[in-house]
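Participant: For reference, the file work.cif (mmCIF, C-alpha atoms) is included below:
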```cif
data_run
loop_
_atom_site.label_atom_id
_atom_site.label_comp_id
_atom_site.auth_asym_id
_atom_site.auth_seq_id
_atom_site.Cartn_x
_atom_site.Cartn_y
_atom_site.Cartn_z
CA MET A 1 98.63 101.42 84.83
CA TYR A 2 101.26 98.96 84.44
CA SER A 3 102.95 95.69 85.04
CA HIS A 4 106.49 95.54 86.25
CA ALA A 5 107.19 92.76 83.72
CA GLU A 6 109.35 94.92 81.44
CA ILE A 7 110.68 97.30 84.09
CA PRO A 8 114.33 96.42 84.80
CA PRO A 9 114.37 93.83 87.64
CA ARG A 10 115.20 94.99 91.15
CA ASP A 11 115.52 93.54 94.57
CA LEU A 12 111.98 92.91 95.85
CA LEU A 13 112.24 95.36 98.76
CA ALA A 14 113.93 97.97 96.56
CA GLY A 15 111.25 97.68 93.89
CA VAL A 16 108.11 97.76 96.05
CA PRO A 17 107.97 100.73 98.45
CA VAL A 18 104.99 99.38 100.39
CA LEU A 19 107.09 96.40 101.51
CA ARG A 20 109.83 98.71 102.76
CA ALA A 21 107.22 100.82 104.57
CA ALA A 22 105.79 97.70 106.20
CA LEU A 23 109.30 96.58 107.18
CA ALA A 24 109.96 99.97 108.79
CA GLN A 25 106.75 99.69 110.82
CA ALA A 26 107.52 96.11 111.86
CA LEU A 27 111.08 96.92 112.97
CA ALA A 28 109.88 99.95 114.92
CA CYS A 29 107.14 97.89 116.58
CA ALA A 30 109.55 95.10 117.56
CA THR A 31 111.99 97.60 119.07
CA LEU A 32 109.34 99.42 121.10
CA LEU A 33 107.77 96.20 122.37
CA ALA A 34 111.15 95.33 123.82
CA ILE A 35 111.35 98.74 125.56
CA ASP A 36 107.71 98.80 126.82
CA GLY A 37 107.53 102.49 127.69
CA GLY A 38 103.75 102.81 127.86
CA PRO A 39 100.99 103.61 125.33
CA THR A 40 101.87 107.26 124.60
CA PHE A 41 105.57 106.51 124.31
CA GLY A 42 104.74 103.56 122.07
CA ILE A 43 102.56 105.59 119.68
CA VAL A 44 104.96 108.53 119.38
CA GLY A 45 108.03 106.31 119.29
CA GLN A 46 106.51 104.06 116.64
CA ALA A 47 105.72 107.06 114.43
CA VAL A 48 109.16 108.65 114.73
CA MET A 49 111.11 105.40 114.45
CA ALA A 50 109.09 104.14 111.47
CA ALA A 51 109.66 107.45 109.64
CA ALA A 52 113.40 107.33 110.41
CA LEU A 53 113.68 103.72 109.28
CA GLY A 54 111.82 104.68 106.11
CA LEU A 55 114.57 107.17 105.35
CA LEU A 56 117.23 104.53 105.96
CA LEU A 57 115.36 102.13 103.66
CA ARG A 58 115.31 104.85 100.97
CA LEU A 59 111.56 105.15 100.69
CA PRO A 60 110.25 107.83 98.30
CA PRO A 61 109.84 111.13 100.19
CA TRP A 62 106.03 111.00 100.27
CA TRP A 63 106.16 107.71 102.22
CA ILE A 64 107.88 109.37 105.21
CA PRO A 65 104.82 111.34 106.42
CA VAL A 66 102.72 108.24 105.75
CA ASN A 67 104.93 106.18 108.07
CA LEU A 68 104.94 109.03 110.59
CA ALA A 69 101.15 109.35 110.69
CA PHE A 70 100.13 105.70 110.33
CA VAL A 71 100.10 104.51 113.97
CA PRO A 72 98.78 107.80 115.46
CA ALA A 73 95.97 107.73 112.87
CA VAL A 74 95.11 104.15 113.82
CA ALA A 75 95.12 105.10 117.51
CA VAL A 76 92.75 108.04 116.91
CA ALA A 77 90.49 106.02 114.61
CA SER A 78 90.20 103.26 117.22
CA THR A 79 88.39 105.74 119.52
CA TRP A 80 85.65 106.45 116.95
CA ALA A 81 82.37 104.58 117.00
CA VAL A 82 82.64 103.49 113.38
CA SER A 83 81.43 100.16 112.08
CA PRO A 84 84.20 97.79 110.93
CA THR A 85 82.24 97.50 107.67
CA ALA A 86 82.94 101.18 106.96
CA TYR A 87 86.67 100.62 107.38
CA LEU A 88 86.50 97.59 105.09
CA ALA A 89 84.59 99.58 102.46
CA GLY A 90 87.13 102.39 102.66
CA PHE A 91 90.02 99.96 102.35
CA LEU A 92 88.48 98.23 99.33
CA ALA A 93 87.81 101.58 97.65
CA LEU A 94 91.37 102.76 98.18
CA ALA A 95 92.75 99.41 97.06
CA GLY A 96 90.63 99.61 93.92
CA VAL A 97 92.12 102.99 93.05
CA TYR A 98 95.66 102.90 94.46
CA GLY A 99 96.47 99.33 95.46
CA ILE A 100 97.84 98.39 92.06
CA ALA A 101 100.44 101.17 92.36
CA SER A 102 102.57 99.00 94.67
CA ARG A 103 103.01 96.66 91.74
CA THR A 104 103.18 99.17 88.93
CA ARG A 105 104.98 102.03 90.70
CA ALA A 106 102.61 104.44 88.94
CA PRO A 107 99.89 105.99 91.12
CA LEU A 108 96.70 107.49 89.74
CA TYR A 109 97.31 110.90 88.17
CA LEU A 110 94.39 112.70 86.52
CA THR A 111 95.02 114.66 83.33
CA GLY A 112 93.66 118.21 83.47
CA ILE A 113 91.86 120.05 80.70
CA GLY A 114 94.94 122.21 80.08
CA ALA A 115 96.97 119.10 79.29
CA CYS A 116 94.17 117.81 77.06
CA GLN A 117 94.20 121.09 75.13
CA ALA A 118 97.98 120.93 74.69
CA LEU A 119 97.79 117.29 73.64
CA SER A 120 95.08 118.16 71.13
CA THR A 121 97.53 120.36 69.22
CA LEU A 122 99.78 117.35 68.61
CA LEU A 123 97.10 115.16 67.00
CA PRO A 124 96.71 114.87 63.21
CA ALA A 125 94.17 117.39 61.94
CA ASN A 126 93.21 116.08 58.49
CA ARG A 127 93.59 112.31 58.49
CA PRO A 128 92.51 109.27 60.50
CA PHE A 129 94.78 108.18 63.32
CA ARG A 130 94.80 105.75 66.25
CA PHE A 131 95.38 107.05 69.79
CA LEU A 132 96.15 105.11 72.99
CA ASP A 133 95.95 106.52 76.51
CA ALA A 134 98.32 104.15 78.30
CA GLY A 135 96.94 104.32 81.83
CA CYS A 136 93.74 106.24 81.16
CA GLY A 137 92.54 106.54 84.76
CA ILE A 138 88.87 107.51 84.75
CA GLY A 139 88.95 108.29 81.03
CA THR A 140 89.13 112.11 81.04
CA THR A 141 91.70 112.39 78.24
CA VAL A 142 90.00 110.05 75.77
CA THR A 143 86.59 111.55 76.61
CA TRP A 144 87.76 115.10 75.90
CA LEU A 145 89.85 114.36 72.80
CA SER A 146 87.48 111.94 71.10
CA ALA A 147 84.68 114.52 71.15
CA ARG A 148 86.92 116.98 69.27
CA HIS A 149 88.85 114.75 66.86
CA LEU A 150 86.19 112.69 65.13
CA ALA A 151 88.65 111.29 62.59
CA GLY A 152 90.62 109.56 65.34
CA THR A 153 90.16 106.14 66.90
CA PHE A 154 90.64 106.52 70.64
CA GLU A 155 91.44 103.73 73.09
CA GLY A 156 92.21 103.71 76.80
CA VAL A 157 93.81 101.01 78.89
CA GLU A 158 93.76 100.97 82.70
CA LEU A 159 94.74 98.31 85.22
CA ALA A 160 93.34 99.75 88.49
CA PRO A 161 89.82 98.30 88.90
CA LEU A 162 87.76 101.31 90.03
CA PRO A 163 89.18 103.88 87.58
CA ALA A 164 88.92 101.30 84.78
CA GLY A 165 85.27 100.72 85.63
CA LEU A 166 84.49 104.45 85.61
CA ALA A 167 86.33 104.92 82.32
CA TRP A 168 84.42 101.98 80.80
CA ILE A 169 81.11 103.56 81.83
CA ARG A 170 82.16 106.86 80.24
CA ALA A 171 83.07 104.98 77.07
CA ARG A 172 79.63 103.38 76.95
CA LEU A 173 77.98 106.76 77.48
CA SER A 174 80.09 108.33 74.72
CA GLY A 175 78.17 106.48 72.04
CA GLY A 176 81.24 104.74 70.69
CA LEU A 177 83.60 107.72 70.47
CA PHE A 178 86.24 105.71 72.36
CA THR A 179 86.81 102.33 73.97
CA VAL A 180 88.37 101.31 77.28
CA GLN A 181 89.73 97.97 78.43
CA ARG A 182 91.03 96.88 81.80
CA ALA A 183 94.45 95.55 80.91
CA ASP A 184 98.16 95.95 81.47
CA LEU A 185 99.76 98.39 79.05
CA TRP A 186 102.93 96.27 78.91
CA SER A 187 100.89 93.47 77.34
CA LEU A 188 99.87 95.73 74.43
CA CYS A 189 101.83 96.22 71.24
CA PHE A 190 102.26 99.89 70.30
CA THR A 191 102.77 99.13 66.60
CA GLU A 192 99.18 99.94 65.62
CA TYR A 193 99.07 103.37 67.29
CA ASP A 194 99.96 106.74 65.80
CA VAL A 195 99.99 108.46 69.21
CA VAL A 196 100.59 106.93 72.63
CA TYR A 197 99.98 109.16 75.66
CA ALA A 198 101.01 108.37 79.24
CA PHE A 199 100.85 110.10 82.63
CA LEU A 200 102.75 107.59 84.77
CA SER A 201 105.56 108.32 87.23
CA PRO A 202 109.34 108.68 86.90
CA VAL A 203 109.95 104.99 87.65
CA PRO A 204 108.59 103.21 84.53
CA MET A 205 109.44 105.97 82.03
CA ALA A 206 112.72 104.50 80.78
CA ALA A 207 111.03 101.16 80.10
CA LEU A 208 108.09 102.89 78.40
CA LEU A 209 110.36 104.86 76.10
CA GLU A 210 112.31 101.73 75.22
CA LYS A 211 109.07 99.88 74.45
CA ALA A 212 107.92 102.77 72.24
CA ARG A 213 111.25 102.90 70.38
CA ARG A 214 111.07 99.16 69.80
CA GLU A 215 107.43 98.95 68.69
CA MET A 216 106.14 102.25 67.33
CA ARG A 217 106.15 102.96 63.59
CA SER A 218 108.13 105.69 61.86
CA GLY A 219 106.29 109.00 62.20
CA SER A 220 104.36 107.99 65.35
CA LEU A 221 104.43 109.97 68.56
CA LEU A 222 104.95 109.14 72.25
CA VAL A 223 103.71 111.83 74.65
CA SER A 224 104.42 111.94 78.40
CA ASN A 225 102.72 114.27 80.84
CA THR A 226 105.35 115.72 83.21
CA PHE A 227 107.73 112.77 83.59
CA LEU A 228 110.94 112.25 81.64
CA PRO A 229 113.16 109.19 81.27
CA GLY A 230 116.90 109.62 81.32
CA GLY A 231 119.01 109.37 78.21
CA LEU A 232 116.82 110.71 75.40
CA PRO A 233 115.63 114.34 75.47
CA PRO A 234 112.17 114.92 74.00
CA ASP A 235 111.77 116.37 70.53
CA LEU A 236 109.18 118.80 71.84
CA SER A 237 108.04 120.11 75.23
CA ILE A 238 104.91 122.19 75.79
CA PRO A 239 104.45 124.17 79.06
CA LEU A 240 101.21 123.30 80.86
CA ASP A 241 101.15 125.81 83.73
CA GLY A 242 103.30 128.19 85.69
CA ARG A 243 104.61 125.47 88.00
CA GLY A 244 107.03 123.92 85.53
CA ARG A 245 104.85 121.05 84.34
CA MET A 246 105.39 120.11 80.71
CA LEU A 247 104.00 117.84 78.03
CA HIS A 248 106.95 115.98 76.46
CA ALA A 249 106.85 114.33 73.01
CA TRP A 250 109.15 112.01 71.07
CA ARG A 251 108.76 111.51 67.31
CA PHE A 252 109.95 108.16 65.94
#
```
Rewrite the structure of this file - the entire thing - as structure tokens.
Facilitator:
Amino acid sequence: MYSHAEIPPRDLLAGVPVLRAALAQALACATLLAIDGGPTFGIVGQAVMAAALGLLLRLPPWWIPVNLAFVPAVAVASTWAVSPTAYLAGFLALAGVYGIASRTRAPLYLTGIGACQALSTLLPANRPFRFLDAGCGIGTTVTWLSARHLAGTFEGVELAPLPAGLAWIRARLSGGLFTVQRADLWSLCFTEYDVVYAFLSPVPMAALLEKARREMRSGSLLVSNTFLPGGLPPDLSIPLDGRGRMLHAWRF
């Protein structure tokens, strides 16, 4: 997962959805405190108003049900006899997996075996090559591919702490078939790689493609699971399932 350093600059609130979501909740709370219509009115009103303000603030669609459910979920959870330590542990676990997405605008997506199989067909069959999984998550892709392409050198990079830790453990257990580092993909140079694979989100794809065009050697390959940037159609697209998901590839 990925730093915003090379993603075209935006207004802070426009670029970080979690700040807009928090602003929607704060504005809704301030309005309802002024009205003081009672606890039930406050909970329902907060949910509806925060969701509506999220729409006005142009939050991504999946944030709207989050804003709608946030305060009711807190109200229900406050009635449970759960230790505060459990809530803290849950928060830290979620932050370790998803918290970095507010900075990178790329949540954790896990590559399935079908995508690994399709990706395998794009790798060189009879010569050594160097492969980078740019945002490797828990390391599924490099684990699967490295066991089947012994001529390749496989590397994964992941910024989210918990997935990076799990991927690192899998790398250690692989007996050296691949390596994983916790790092920001934007800090890496793609020049040394023959294949760069990414399963990010729509937001950083244009910057990723530009980085690949600037740094990757002639004959190398950039592969994106599902997401396309605007402006440059892929050289190849491979269907992954019956729901329209594709593996897209650009040859430089």
Participant: Which value, in Å to one decimal, gives the distance between atom CA of Asp184 of chain A and atom CA of Arg172 of chain A?
Facilitator: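 Between these atoms lies a distance of 20.5 Å.
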Participant: Any chance you could work out the residue set of the PyMOL selection byres ((chain A and resi 151) around 8) here, as a ChimeraX atom specification?
Facilitator: /A:126-129,149-150,152-153
Participant: Store the residues picked out above in a file with C-alpha atoms, as a PDB file, in the coordinates of the input.
Facilitator:
```pdb
ATOM      1  CA  ASN A 126      93.210 116.080  58.490  1.00  0.00           C
ATOM      2  CA  ARG A 127      93.590 112.310  58.490  1.00  0.00           C
ATOM      3  CA  PRO A 128      92.510 109.270  60.500  1.00  0.00           C
ATOM      4  CA  PHE A 129      94.780 108.180  63.320  1.00  0.00           C
ATOM      5  CA  HIS A 149      88.850 114.750  66.860  1.00  0.00           C
ATOM      6  CA  LEU A 150      86.190 112.690  65.130  1.00  0.00           C
ATOM      7  CA  GLY A 152      90.620 109.560  65.340  1.00  0.00           C
ATOM      8  CA  THR A 153      90.160 106.140  66.900  1.00  0.00           C
TER       9      THR A 153
END
```
Participant: For the interface of segment 155-246 of chain A with segment 114-118 of chain A (cut-off 8 Å, counting all atoms listed in the file), please tabulate each contacting residue of segment 155-246 of chain A alongside its nearest pair of atoms and their separation in Å to one decimal, rows sorted by chain and increasing number, as JSON lines.
Facilitator:
```
{"residue": "A:Asn225", "atom": "CA", "partner": "A:Ala115", "partner_atom": "CA", "distance": 7.7}
{"residue": "A:Ile238", "atom": "CA", "partner": "A:Ala118", "partner_atom": "CA", "distance": 7.1}
{"residue": "A:Leu240", "atom": "CA", "partner": "A:Ala115", "partner_atom": "CA", "distance": 6.2}
```
Participant: Got a sec to resolve the PyMOL selection byres ((chain A and resi 123) around 9) on this structure and send the residues as an mmCIF file with C-alpha atoms, keeping the file's coordinate frame?
Facilitator:
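And here is the file that came out, out_27.cif:
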```
data_model
loop_
_atom_site.group_PDB
_atom_site.id
_atom_site.type_symbol
_atom_site.label_atom_id
_atom_site.label_comp_id
_atom_site.auth_asym_id
_atom_site.auth_seq_id
_atom_site.Cartn_x
_atom_site.Cartn_y
_atom_site.Cartn_z
ATOM 1 C CA LEU A 119 97.790 117.290 73.640
ATOM 2 C CA SER A 120 95.080 118.160 71.130
ATOM 3 C CA THR A 121 97.530 120.360 69.220
ATOM 4 C CA LEU A 122 99.780 117.350 68.610
ATOM 5 C CA PRO A 124 96.710 114.870 63.210
ATOM 6 C CA ALA A 125 94.170 117.390 61.940
ATOM 7 C CA PHE A 129 94.780 108.180 63.320
ATOM 8 C CA PHE A 131 95.380 107.050 69.790
ATOM 9 C CA HIS A 149 88.850 114.750 66.860
ATOM 10 C CA GLY A 152 90.620 109.560 65.340
ATOM 11 C CA ASP A 194 99.960 106.740 65.800
ATOM 12 C CA VAL A 195 99.990 108.460 69.210
#
```
Participant: Using only C-alpha atoms, find the one residue out of A:Phe154, A:Phe190, A:Phe70, A:Phe199 that sits nearest to Gly45 of chain A.
Facilitator: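 Counting only C-alpha atoms, the residue closest to Gly45 of chain A is A:Phe70.
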Participant: Measuring atom to atom with all atoms listed in the file, identify which of A:Met216, A:Leu232, A:Met205, A:Leu53 is nearest to Leu27 of chain A.
Facilitator: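 Answer, going by the shortest atom-to-atom distance: A:Leu53.
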Participant: Within 10 Å of Trp63 of chain A, counting only C-alpha atoms, which residues qualify if same-chain residues fewer than 5 places away don't, as a list in words?
Facilitator: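 The filter keeps Pro17, Val18, Arg20, Ala21, Ala51, Gly54, Leu55, Arg58, Leu68 and Ala69 of chain A.
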Participant: Give me the residues within 8 Å of Gln25 of chain A as a list in words, counting all atoms listed in the file and dropping any in the same chain fewer than 4 places off.
Facilitator: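 What passes the distance filter is Ala21, Cys29, Gln46, Ala50 and Asn67 of chain A.
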Participant: Quick one, how far is atom CA of Val71 of chain A from atom CA of Val44 of chain A?
Facilitator: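 Pair atom CA of Val71 of chain A / atom CA of Val44 of chain A returns 8.3 Å.
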Participant: Quick one, how far is atom CA of Ala206 of chain A from atom CA of Gly244 of chain A?
Facilitator: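 Going from atom CA of Ala206 of chain A over to atom CA of Gly244 of chain A covers 20.8 Å.
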Participant: Kindly indicate which residue among A:Ala75, A:Leu110, A:Ala171, A:Leu19 lies nearest to Val142 of chain A, using only C-alpha atoms for the distances.
Facilitator: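 The answer is A:Ala171, which sits nearest to Val142 of chain A.
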Participant: Evaluate the PyMOL selection byres ((chain A and resi 227) around 9) on the structure here and hand back the selected residues as a PyMOL selection string.
Facilitator: chain A and resi 199-202+205+224-226+228-229+245-248
Participant: With only C-alpha atoms as the basis for distance, which of A:Leu59, A:Val48, A:Ala28, A:Ile138 is at the shortest distance from Leu159 of chain A?
Facilitator: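 Result for the nearest residue to Leu159 of chain A: A:Ile138.
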